[in-house]
$ cat target.txt   # compact mmCIF, C-alpha atoms
# COMPACT_ATOMS: atom_id res chain seq x y z
CA MET A 1 38.64 -34.81 72.57
CA THR A 2 39.08 -36.05 76.14
CA ASN A 3 37.85 -39.11 77.94
CA ASP A 4 36.31 -36.92 80.62
CA GLN A 5 32.65 -36.01 80.32
CA ARG A 6 30.84 -33.77 82.76
CA ALA A 7 27.28 -34.05 83.89
CA PRO A 8 25.23 -31.15 82.54
CA ALA A 9 24.76 -28.19 84.83
CA ASP A 10 21.40 -27.37 83.24
CA ARG A 11 19.28 -28.85 86.02
CA PRO A 12 15.60 -27.97 86.37
CA ARG A 13 16.10 -27.25 90.08
CA SER A 14 18.66 -24.89 91.56
CA TRP A 15 18.84 -26.44 95.05
CA PRO A 16 22.15 -28.25 94.38
CA TYR A 17 23.68 -24.93 93.35
CA ALA A 18 22.48 -23.18 96.53
CA ALA A 19 23.43 -26.16 98.69
CA ALA A 20 26.98 -26.23 97.28
CA ALA A 21 27.37 -22.52 98.02
CA TYR A 22 26.16 -23.09 101.61
CA VAL A 23 28.59 -25.98 102.11
CA PHE A 24 31.44 -23.83 100.75
CA ALA A 25 30.57 -20.98 103.13
CA VAL A 26 30.32 -23.26 106.18
CA VAL A 27 33.83 -24.64 105.72
CA MET A 28 35.27 -21.16 105.23
CA VAL A 29 33.53 -19.97 108.43
CA GLY A 30 35.61 -22.48 110.37
CA THR A 31 38.90 -21.22 108.94
CA THR A 32 38.46 -17.73 110.48
CA LEU A 33 36.63 -18.56 113.73
CA PRO A 34 39.81 -18.11 115.86
CA THR A 35 40.49 -14.57 114.54
CA PRO A 36 38.93 -12.57 117.42
CA LEU A 37 39.90 -15.24 119.96
CA TYR A 38 43.68 -15.02 119.61
CA GLY A 39 43.86 -12.46 122.41
CA LEU A 40 42.08 -14.87 124.75
CA TYR A 41 44.45 -17.66 123.74
CA GLN A 42 47.40 -15.33 124.42
CA GLU A 43 46.09 -14.67 127.92
CA GLU A 44 45.38 -18.36 128.57
CA ILE A 45 48.57 -19.85 127.14
CA GLY A 46 50.95 -16.90 126.97
CA PHE A 47 52.59 -16.15 123.61
CA SER A 48 53.62 -13.14 121.53
CA SER A 49 52.12 -11.45 118.47
CA LEU A 50 54.76 -13.23 116.41
CA MET A 51 53.37 -16.56 117.56
CA VAL A 52 49.89 -15.43 116.46
CA THR A 53 51.19 -14.90 112.94
CA VAL A 54 53.05 -18.22 113.02
CA ILE A 55 49.85 -20.02 114.05
CA PHE A 56 48.10 -18.25 111.20
CA ALA A 57 50.89 -19.13 108.75
CA VAL A 58 50.60 -22.80 109.75
CA TYR A 59 47.00 -22.64 108.51
CA ALA A 60 48.12 -21.13 105.21
CA ALA A 61 50.86 -23.73 104.90
CA GLY A 62 48.20 -26.45 105.26
CA VAL A 63 46.17 -24.85 102.48
CA ILE A 64 49.14 -24.59 100.16
CA ALA A 65 50.31 -28.13 100.91
CA VAL A 66 46.95 -29.61 99.93
CA LEU A 67 46.63 -27.44 96.84
CA THR A 68 50.15 -28.36 95.79
CA VAL A 69 49.82 -32.11 96.31
CA ALA A 70 46.16 -32.65 95.46
CA GLY A 71 45.13 -29.57 93.51
CA GLY A 72 43.59 -31.54 90.65
CA VAL A 73 42.34 -34.60 92.54
CA SER A 74 38.67 -33.63 92.13
CA ASP A 75 39.12 -33.80 88.36
CA VAL A 76 39.80 -37.54 88.85
CA LEU A 77 37.82 -38.61 91.94
CA GLY A 78 34.94 -36.22 91.46
CA ARG A 79 33.86 -33.15 93.39
CA ARG A 80 31.74 -34.83 96.10
CA PRO A 81 34.43 -37.13 97.64
CA VAL A 82 36.84 -34.21 97.93
CA LEU A 83 34.18 -32.00 99.52
CA LEU A 84 33.42 -34.73 102.08
CA ALA A 85 37.11 -35.04 102.92
CA GLY A 86 37.27 -31.28 103.44
CA LEU A 87 34.27 -31.39 105.76
CA GLY A 88 35.96 -34.15 107.74
CA CYS A 89 39.05 -31.96 108.20
CA ALA A 90 36.85 -29.03 109.24
CA ALA A 91 35.15 -31.15 111.91
CA ALA A 92 38.49 -32.48 113.17
CA SER A 93 39.82 -28.91 113.38
CA ALA A 94 36.82 -27.79 115.45
CA LEU A 95 37.38 -30.73 117.82
CA CYS A 96 41.04 -29.73 118.29
CA PHE A 97 39.98 -26.23 119.34
CA LEU A 98 37.17 -27.60 121.47
CA PHE A 99 39.60 -29.68 123.55
CA GLU A 100 42.52 -27.23 123.25
CA GLY A 101 44.89 -27.21 126.20
CA GLY A 102 47.95 -25.46 124.78
CA LEU A 103 49.85 -24.69 121.63
CA PRO A 104 50.05 -28.26 120.22
CA LEU A 105 46.28 -28.56 119.69
CA LEU A 106 46.14 -24.96 118.44
CA PHE A 107 48.67 -25.82 115.76
CA ALA A 108 46.90 -29.09 114.95
CA GLY A 109 43.56 -27.32 114.65
CA ARG A 110 44.98 -24.70 112.32
CA VAL A 111 46.74 -27.28 110.14
CA LEU A 112 43.52 -29.28 109.78
CA SER A 113 41.64 -26.07 109.05
CA GLY A 114 44.18 -25.36 106.33
CA PHE A 115 43.64 -28.83 104.91
CA SER A 116 39.88 -28.22 104.77
CA ALA A 117 40.34 -24.88 103.01
CA GLY A 118 42.87 -26.40 100.60
CA LEU A 119 40.45 -29.15 99.64
CA PHE A 120 37.59 -26.70 99.26
CA THR A 121 38.95 -23.57 97.60
CA GLY A 122 39.42 -24.99 94.13
CA THR A 123 36.97 -27.90 94.29
CA ALA A 124 34.01 -26.05 95.79
CA THR A 125 34.53 -23.07 93.49
CA VAL A 126 34.30 -25.30 90.44
CA ALA A 127 31.43 -27.36 91.93
CA VAL A 128 29.28 -24.27 92.49
CA MET A 129 29.87 -23.13 88.91
CA GLU A 130 29.18 -26.58 87.46
CA LEU A 131 25.95 -27.05 89.46
CA ALA A 132 24.53 -23.70 88.39
CA PRO A 133 21.34 -24.02 86.28
CA ARG A 134 21.34 -22.33 82.91
CA HIS A 135 19.53 -19.17 84.05
CA ARG A 136 22.13 -18.63 86.81
CA ARG A 137 25.25 -19.62 84.94
CA GLY A 138 26.32 -16.03 84.30
CA ARG A 139 26.39 -15.36 88.04
CA ALA A 140 27.89 -18.68 89.08
CA SER A 141 31.45 -17.41 89.52
CA PHE A 142 30.11 -14.60 91.72
CA ALA A 143 28.12 -17.09 93.82
CA ALA A 144 31.27 -19.17 94.35
CA THR A 145 33.51 -16.28 95.34
CA ALA A 146 30.75 -14.70 97.45
CA ALA A 147 30.28 -17.95 99.37
CA ASN A 148 34.04 -18.00 99.96
CA MET A 149 34.31 -14.38 101.12
CA LEU A 150 31.11 -14.26 103.20
CA GLY A 151 32.07 -17.53 104.87
CA LEU A 152 35.48 -16.10 105.76
CA GLY A 153 33.83 -12.93 107.06
CA CYS A 154 31.12 -14.67 109.11
CA GLY A 155 33.70 -16.70 111.06
CA PRO A 156 35.12 -13.74 113.04
CA LEU A 157 31.67 -12.17 113.43
CA LEU A 158 30.15 -15.37 114.84
CA ALA A 159 33.09 -16.05 117.15
CA GLY A 160 33.27 -12.43 118.32
CA LEU A 161 29.57 -12.27 119.18
CA LEU A 162 29.58 -15.60 121.01
CA ALA A 163 32.83 -14.88 122.87
CA GLU A 164 31.65 -11.45 124.00
CA TYR A 165 28.04 -12.15 124.91
CA ALA A 166 27.67 -15.92 125.48
CA PRO A 167 29.28 -18.42 127.88
CA TRP A 168 32.29 -20.60 127.09
CA PRO A 169 34.03 -18.10 124.74
CA LEU A 170 36.71 -20.59 123.67
CA ARG A 171 34.32 -23.54 123.26
CA LEU A 172 30.87 -22.42 122.10
CA PRO A 173 31.97 -21.06 118.67
CA TYR A 174 33.34 -24.49 117.73
CA LEU A 175 30.26 -26.34 119.00
CA VAL A 176 28.11 -24.13 116.77
CA HIS A 177 30.41 -24.74 113.84
CA LEU A 178 30.27 -28.50 114.35
CA GLY A 179 26.49 -28.25 114.00
CA LEU A 180 26.84 -26.30 110.76
CA VAL A 181 29.32 -28.85 109.44
CA ALA A 182 26.90 -31.69 110.22
CA VAL A 183 24.18 -30.03 108.12
CA ALA A 184 26.69 -29.34 105.33
CA THR A 185 27.77 -32.99 105.32
CA CYS A 186 24.19 -34.18 104.89
CA LEU A 187 23.73 -31.82 101.96
CA THR A 188 26.98 -32.89 100.33
CA LEU A 189 25.97 -36.55 100.46
CA VAL A 190 23.00 -35.81 98.20
CA LEU A 191 24.67 -33.33 95.86
CA PRO A 192 24.80 -34.48 92.21
CA GLU A 193 28.28 -35.43 90.99
CA THR A 194 29.44 -33.23 88.11
CA VAL A 195 32.44 -35.33 87.02
CA ARG A 196 31.92 -38.35 84.78
CA HIS A 197 34.48 -40.45 82.92
CA ALA A 198 33.52 -42.08 79.62
CA GLY A 199 36.28 -44.71 79.90
CA PRO A 200 38.37 -46.03 82.78
CA ARG A 201 39.02 -43.46 85.46
CA PRO A 202 42.51 -41.95 85.15
CA ALA A 203 45.06 -43.15 87.68
CA LEU A 204 45.05 -41.09 90.86
CA ARG A 205 48.50 -39.78 91.61
CA PRO A 206 49.69 -36.62 93.33
CA ARG A 207 50.38 -33.82 90.92
CA ARG A 208 51.09 -30.25 91.74
CA PRO A 209 48.80 -27.60 90.33
CA SER A 210 50.01 -26.34 86.99
CA VAL A 211 48.80 -23.81 84.51
CA PRO A 212 48.05 -24.92 80.93
CA ALA A 213 49.98 -22.99 78.33
CA GLU A 214 46.84 -21.46 76.85
CA THR A 215 45.87 -20.04 80.27
CA ARG A 216 49.17 -18.50 81.35
CA SER A 217 48.75 -15.08 79.75
CA VAL A 218 45.58 -14.61 81.83
CA PHE A 219 46.80 -16.48 84.91
CA VAL A 220 49.96 -14.47 85.70
CA PRO A 221 48.42 -10.99 86.14
CA ALA A 222 45.31 -12.40 87.83
CA ALA A 223 47.37 -14.39 90.34
CA LEU A 224 49.67 -11.46 91.15
CA ALA A 225 46.68 -9.25 91.82
CA ALA A 226 45.16 -11.96 94.03
CA PHE A 227 48.44 -12.14 95.99
CA ALA A 228 48.18 -8.44 96.82
CA GLY A 229 44.52 -8.66 97.79
CA PHE A 230 44.95 -11.70 100.01
CA ALA A 231 47.93 -10.08 101.75
CA MET A 232 45.50 -7.48 103.08
CA PHE A 233 43.15 -10.26 104.21
CA GLY A 234 46.03 -11.95 105.99
CA LEU A 235 46.56 -8.83 108.08
CA PHE A 236 42.90 -8.60 109.11
CA THR A 237 42.46 -12.27 109.93
CA SER A 238 45.59 -12.61 112.04
CA VAL A 239 46.60 -9.47 113.93
CA ALA A 240 43.88 -6.87 113.26
CA PRO A 241 42.13 -7.58 116.61
CA SER A 242 45.49 -7.06 118.36
CA PHE A 243 45.94 -3.78 116.45
CA MET A 244 42.52 -2.64 117.60
CA ALA A 245 43.18 -3.59 121.22
CA GLN A 246 46.72 -2.23 121.54
CA THR A 247 46.60 0.79 119.23
CA LEU A 248 42.94 1.82 119.17
CA GLY A 249 41.86 0.66 122.64
CA VAL A 250 39.05 -1.53 121.25
CA HIS A 251 38.67 -4.60 123.48
CA ASN A 252 35.15 -5.68 122.55
CA LEU A 253 35.51 -8.97 120.66
CA ALA A 254 32.22 -8.49 118.83
CA VAL A 255 33.47 -5.17 117.44
CA SER A 256 36.76 -6.78 116.38
CA GLY A 257 34.84 -9.55 114.63
CA LEU A 258 32.53 -7.01 112.97
CA VAL A 259 35.44 -5.02 111.50
CA VAL A 260 36.93 -8.19 110.00
CA PHE A 261 33.48 -9.19 108.71
CA LEU A 262 33.10 -5.81 107.00
CA THR A 263 36.35 -6.40 105.12
CA PHE A 264 35.09 -9.66 103.63
CA ALA A 265 31.55 -8.38 103.11
CA SER A 266 32.98 -5.43 101.20
CA SER A 267 34.87 -7.89 99.03
CA THR A 268 31.52 -9.44 98.13
CA VAL A 269 30.17 -5.98 97.27
CA GLY A 270 33.20 -5.39 95.06
CA GLN A 271 32.57 -8.68 93.29
CA ALA A 272 28.89 -7.82 92.77
CA SER A 273 29.76 -4.38 91.36
CA LEU A 274 31.97 -5.89 88.67
CA GLY A 275 28.97 -6.16 86.35
CA GLY A 276 29.96 -6.05 82.72
CA VAL A 277 33.40 -4.55 83.31
CA PRO A 278 35.93 -6.68 81.42
CA ALA A 279 38.58 -8.42 83.50
CA GLU A 280 41.44 -6.49 81.91
CA ARG A 281 39.88 -3.29 83.25
CA ALA A 282 38.60 -4.62 86.57
CA LEU A 283 41.97 -6.05 87.62
CA PRO A 284 43.93 -2.75 87.62
CA LEU A 285 40.91 -0.86 88.99
CA GLY A 286 40.74 -3.30 91.90
CA CYS A 287 44.46 -2.80 92.59
CA PHE A 288 44.09 0.99 92.78
CA VAL A 289 41.03 0.79 95.04
CA LEU A 290 43.00 -1.61 97.25
CA VAL A 291 45.83 0.95 97.46
CA ALA A 292 43.36 3.61 98.63
CA GLY A 293 42.05 1.27 101.32
CA LEU A 294 45.53 0.39 102.52
CA ALA A 295 46.37 4.10 102.76
CA ALA A 296 43.35 4.60 105.03
CA ILE A 297 44.37 1.60 107.15
CA GLY A 298 47.85 3.06 107.60
CA GLY A 299 46.32 6.45 108.43
CA SER A 300 44.11 4.84 111.08
CA LEU A 301 47.20 3.51 112.85
CA LEU A 302 48.88 6.93 112.78
CA ALA A 303 45.75 8.73 113.99
CA ALA A 304 44.52 5.92 116.30
CA SER A 305 41.13 6.22 114.61
CA LEU A 306 38.64 3.33 114.55
CA PRO A 307 36.34 5.03 111.97
CA LEU A 308 39.30 5.44 109.61
CA LEU A 309 40.25 1.78 110.09
CA VAL A 310 36.68 0.73 109.26
CA ALA A 311 36.69 2.96 106.17
CA GLY A 312 40.01 1.48 105.06
CA ALA A 313 38.74 -2.04 105.62
CA VAL A 314 35.64 -1.37 103.50
CA VAL A 315 37.53 0.30 100.64
CA ALA A 316 40.31 -2.30 100.61
CA GLY A 317 37.70 -5.06 100.67
CA VAL A 318 35.91 -3.60 97.64
CA GLY A 319 39.20 -3.43 95.75
CA GLN A 320 40.05 -7.02 96.65
CA GLY A 321 36.61 -8.16 95.53
CA LEU A 322 36.96 -6.47 92.16
CA LEU A 323 40.32 -7.99 91.36
CA PHE A 324 39.55 -11.40 92.88
CA ARG A 325 36.36 -12.10 90.93
CA ALA A 326 37.76 -10.71 87.70
CA GLY A 327 40.89 -12.83 88.02
CA LEU A 328 39.12 -16.03 89.00
CA SER A 329 36.51 -15.68 86.25
CA ALA A 330 39.17 -15.07 83.61
CA VAL A 331 41.31 -18.01 84.73
CA SER A 332 38.36 -20.41 84.98
CA ALA A 333 37.01 -19.38 81.59
CA ARG A 334 40.35 -19.90 79.85
CA ALA A 335 41.23 -23.23 81.56
CA PRO A 336 40.39 -26.50 79.74
CA ALA A 337 37.38 -28.30 81.24
CA ASP A 338 39.39 -31.37 82.27
CA ARG A 339 41.99 -29.22 84.08
CA ARG A 340 39.74 -26.55 85.57
CA GLY A 341 40.06 -27.79 89.16
CA GLU A 342 43.84 -28.04 88.85
CA THR A 343 44.18 -24.55 87.35
CA THR A 344 41.85 -22.98 89.92
CA SER A 345 43.90 -24.62 92.69
CA ALA A 346 47.07 -23.09 91.26
CA PHE A 347 45.39 -19.68 91.39
CA PHE A 348 44.61 -20.18 95.09
CA VAL A 349 48.18 -21.34 95.83
CA VAL A 350 49.43 -17.91 94.78
CA ALA A 351 46.63 -16.20 96.72
CA TYR A 352 47.42 -18.10 99.92
CA LEU A 353 51.10 -17.30 99.60
CA GLY A 354 49.93 -13.71 99.80
CA ILE A 355 47.80 -14.37 102.88
CA SER A 356 50.66 -16.04 104.80
CA LEU A 357 54.15 -14.75 103.97
CA PRO A 358 53.62 -10.99 104.53
CA VAL A 359 51.76 -11.59 107.80
CA VAL A 360 54.67 -13.53 109.30
CA GLY A 361 56.82 -10.55 108.38
CA VAL A 362 54.47 -8.30 110.33
CA GLY A 363 54.78 -10.58 113.36
CA ALA A 364 58.58 -10.55 113.17
CA LEU A 365 58.70 -6.78 112.74
CA SER A 366 56.38 -6.28 115.71
CA LEU A 367 59.07 -7.69 118.03
CA ALA A 368 61.48 -4.96 116.96
CA LEU A 369 59.18 -2.06 116.06
CA GLY A 370 55.96 -2.75 117.94
CA LEU A 371 52.65 -3.78 116.42
CA ARG A 372 51.66 -0.28 115.28
CA ASP A 373 54.86 0.47 113.37
CA ALA A 374 54.92 -3.05 111.92
CA GLY A 375 51.40 -2.39 110.60
CA LEU A 376 52.57 0.86 109.03
CA VAL A 377 55.45 -0.90 107.27
CA PHE A 378 53.09 -3.60 106.04
CA SER A 379 50.60 -1.04 104.72
CA ALA A 380 53.33 0.84 102.86
CA CYS A 381 54.80 -2.31 101.30
CA ALA A 382 51.37 -3.63 100.30
CA MET A 383 50.51 -0.26 98.71
CA VAL A 384 53.68 -0.35 96.63
CA LEU A 385 53.00 -3.94 95.55
CA ALA A 386 49.34 -3.40 94.65
CA GLY A 387 50.05 -0.09 92.93
CA SER A 388 52.90 -1.55 90.86
CA ILE A 389 50.74 -4.48 89.77
CA GLY A 390 47.91 -2.09 88.90
CA VAL A 391 50.17 0.08 86.73
CA TRP A 392 51.60 -2.98 84.98
CA LEU A 393 48.13 -4.37 84.33
CA LEU A 394 46.88 -1.02 83.08
CA ARG A 395 49.74 -0.72 80.62
CA ALA A 396 49.03 -4.25 79.39
CA VAL A 397 45.39 -3.45 78.51
CA PRO A 398 45.13 -3.38 74.73
CA ARG A 399 44.22 0.04 73.43
CA ARG A 400 41.19 0.44 71.26
CA PRO A 401 42.07 1.57 67.76
CA ARG A 402 41.01 5.11 66.96
CA THR A 403 38.41 5.51 64.28
CA GLY A 404 38.97 8.19 61.72
CA ALA A 405 36.42 10.82 60.77
$ encode --input "target.txt" --output "structure tokens"
Amino acid sequence: MTNDQRAPADRPRSWPYAAAAYVFAVVMVGTTLPTPLYGLYQEEIGFSSLMVTVIFAVYAAGVIAVLTVAGGVSDVLGRRPVLLAGLGCAAASALCFLFEGGLPLLFAGRVLSGFSAGLFTGTATVAVMELAPRHRRGRASFAATAANMLGLGCGPLLAGLLAEYAPWPLRLPYLVHLGLVAVATCLTLVLPETVRHAGPRPALRPRRPSVPAETRSVFVPAALAAFAGFAMFGLFTSVAPSFMAQTLGVHNLAVSGLVVFLTFASSTVGQASLGGVPAERALPLGCFVLVAGLAAIGGSLLAASLPLLVAGAVVAGVGQGLLFRAGLSAVSARAPADRRGETTSAFFVVAYLGISLPVVGVGALSLALGLRDAGLVFSACAMVLAGSIGVWLLRAVPRRPRTGA
């Protein structure tokens, strides 16, 4: 028995559940807004493709730092205060980009964006699931991951459309996002709190995310699969527009944003198609679908084919969605209630290592090999990683005993 009691999620109205999903999506939109704009920043400031990946990695480092230091803070303070702090970081990030005048504010904006994502990934995921009414509880994990993925996908699409067809390409996207954040803040202020403490509130002290012993057998394969899936996302949200411009001759920012959006939207489709497939089956299946998508992405670079790149993005996104939802659902279900936020944050630490480390490698390789060949090396390495994890997971699936005649 613990001294932590949670407010019931069986609420007669579902608006808090929908509002929490909206707030989650809005913050994630801000984390990917710069994706189609990096080329414009390169022209304005003057820096290499390696610097693009470093700027992106700074964002991921901010995410990991928050998850590592404050991964379980919402289990103590409550979900709403942490969500408000994340919204504050998102607004500060947008202001940095709005008044950007060089690399220092770019770095500051990305770090703050990473802080907002770090505060939100675990906390908002759990909040959406806890606020789900009874009749939606079975789909709550999908709603949380869909809000995450669609938010990430809508960022490049929104920025690409505004930068291509509206004035102030490096300012207007952030003004629009500030408006969305303002609405999200108002909603968060009235969201019900799902964390209650029967006795004195536990002392608040930094503690790194950890995985309870009873969760580790599920956590390890799920986190490794998430690493592989997020590595693919890292490629698309950092240097994919540069690939399209330099290798495929696609300079329309709206098209670049649309391709990135399709990757994340396909992840949502993959999550929705999970259905009743058990996690131990969905995880290796997602890895193998991801491998197929990565093969198409590599082929698109060799053939300089935009349709093949789009096909690869869609297939890889579906594979990532399968493995991501299956892994997150399994980890959340196995984690103790009073450590669910902490355990979910640990899951995202591994995922964001995948979204940052390989991409910096691509940037470094591009200096020696060029962006196209660096992308080919990345695709091959990611295929080997995802395929190996898929085979390992498949071999670990318990076999059903045969029934005799």
$ atom_distance --input "target.txt" --atom1 "CA of Leu357 (chain A)" --atom2 "CA of Ala61 (chain A)"
9.6 Å
$ residues_around --input "target.txt" --residues "Thr237 (chain A)" --least-positions-apart "6" --cutoff "7 Å" --atoms "all atoms listed in the file" --output "list of chain:residue names"
A:Thr32, A:Thr35, A:Val260
$ residues_around --input "target.txt" --residues "region 285-292 of chain A" --least-positions-apart "4" --cutoff "9 Å" --atoms "only C-alpha atoms" --output "PyMOL selection string"
chain A and resi 225+228-229+232+270+281+296-297+312+315-324+379+382-391+394
$ write_last_selection --input "target.txt" --atoms "C-alpha atoms" --output "CSV table (one decimal), keeping the file's coordinate frame"
chain,number,residue,atom,x,y,z
A,225,ALA,CA,46.7,-9.2,91.8
A,228,ALA,CA,48.2,-8.4,96.8
A,229,GLY,CA,44.5,-8.7,97.8
A,232,MET,CA,45.5,-7.5,103.1
A,270,GLY,CA,33.2,-5.4,95.1
A,281,ARG,CA,39.9,-3.3,83.2
A,296,ALA,CA,43.4,4.6,105.0
A,297,ILE,CA,44.4,1.6,107.2
A,312,GLY,CA,40.0,1.5,105.1
A,315,VAL,CA,37.5,0.3,100.6
A,316,ALA,CA,40.3,-2.3,100.6
A,317,GLY,CA,37.7,-5.1,100.7
A,318,VAL,CA,35.9,-3.6,97.6
A,319,GLY,CA,39.2,-3.4,95.8
A,320,GLN,CA,40.0,-7.0,96.6
A,321,GLY,CA,36.6,-8.2,95.5
A,322,LEU,CA,37.0,-6.5,92.2
A,323,LEU,CA,40.3,-8.0,91.4
A,324,PHE,CA,39.6,-11.4,92.9
A,379,SER,CA,50.6,-1.0,104.7
A,382,ALA,CA,51.4,-3.6,100.3
A,383,MET,CA,50.5,-0.3,98.7
A,384,VAL,CA,53.7,-0.4,96.6
A,385,LEU,CA,53.0,-3.9,95.6
A,386,ALA,CA,49.3,-3.4,94.6
A,387,GLY,CA,50.0,-0.1,92.9
A,388,SER,CA,52.9,-1.6,90.9
A,389,ILE,CA,50.7,-4.5,89.8
A,390,GLY,CA,47.9,-2.1,88.9
A,391,VAL,CA,50.2,0.1,86.7
A,394,LEU,CA,46.9,-1.0,83.1
$ residues_near_point --input "target.txt" --point "(37.9, -15.0, 85.2)" --cutoff "10 Å" --atoms "all atoms listed in the file" --output "list in words"
Ser141, Val218, Phe219, Ala222, Pro278, Ala279, Glu280, Leu323, Phe324, Arg325, Ala326, Gly327, Leu328, Ser329, Ala330, Val331, Ser332, Ala333, Arg334 and Ala335 of chain A
$ closest_residue --input "target.txt" --among "A:Ser267, A:Ser217, A:Thr247, A:Thr125" --to "Ser305 (chain A)" --atoms "all atoms listed in the file"
A:Thr247
$ atom_distance --input "target.txt" --atom1 "CA of Met244 (chain A)" --atom2 "CA of Ser256 (chain A)"
7.2 Å
$ closest_residue --input "target.txt" --among "A:Tyr41, A:Tyr165, A:Phe47, A:Tyr174" --to "Leu98 (chain A)" --atoms "all atoms listed in the file"
A:Tyr174
$ residues_around --input "target.txt" --residues "Thr123 (chain A)" --least-positions-apart "4" --cutoff "7 Å" --atoms "only C-alpha atoms" --output "MDAnalysis selection string"
chainID A and resid 74 79 119 127 341
$ residues_around --input "target.txt" --residues "Gly86 (chain A)" --least-positions-apart "4" --cutoff "9 Å" --atoms "only C-alpha atoms" --output "count of residues only"
12
$ closest_residue --input "target.txt" --among "A:Gly363, A:Gly102, A:Pro133, A:Pro34" --to "Arg171 (chain A)" --atoms "all atoms listed in the file"
A:Pro34
$ closest_residue --input "target.txt" --among "A:Ala313, A:Cys96, A:Leu67, A:Leu83" --to "Val190 (chain A)" --atoms "only C-alpha atoms"
A:Leu83
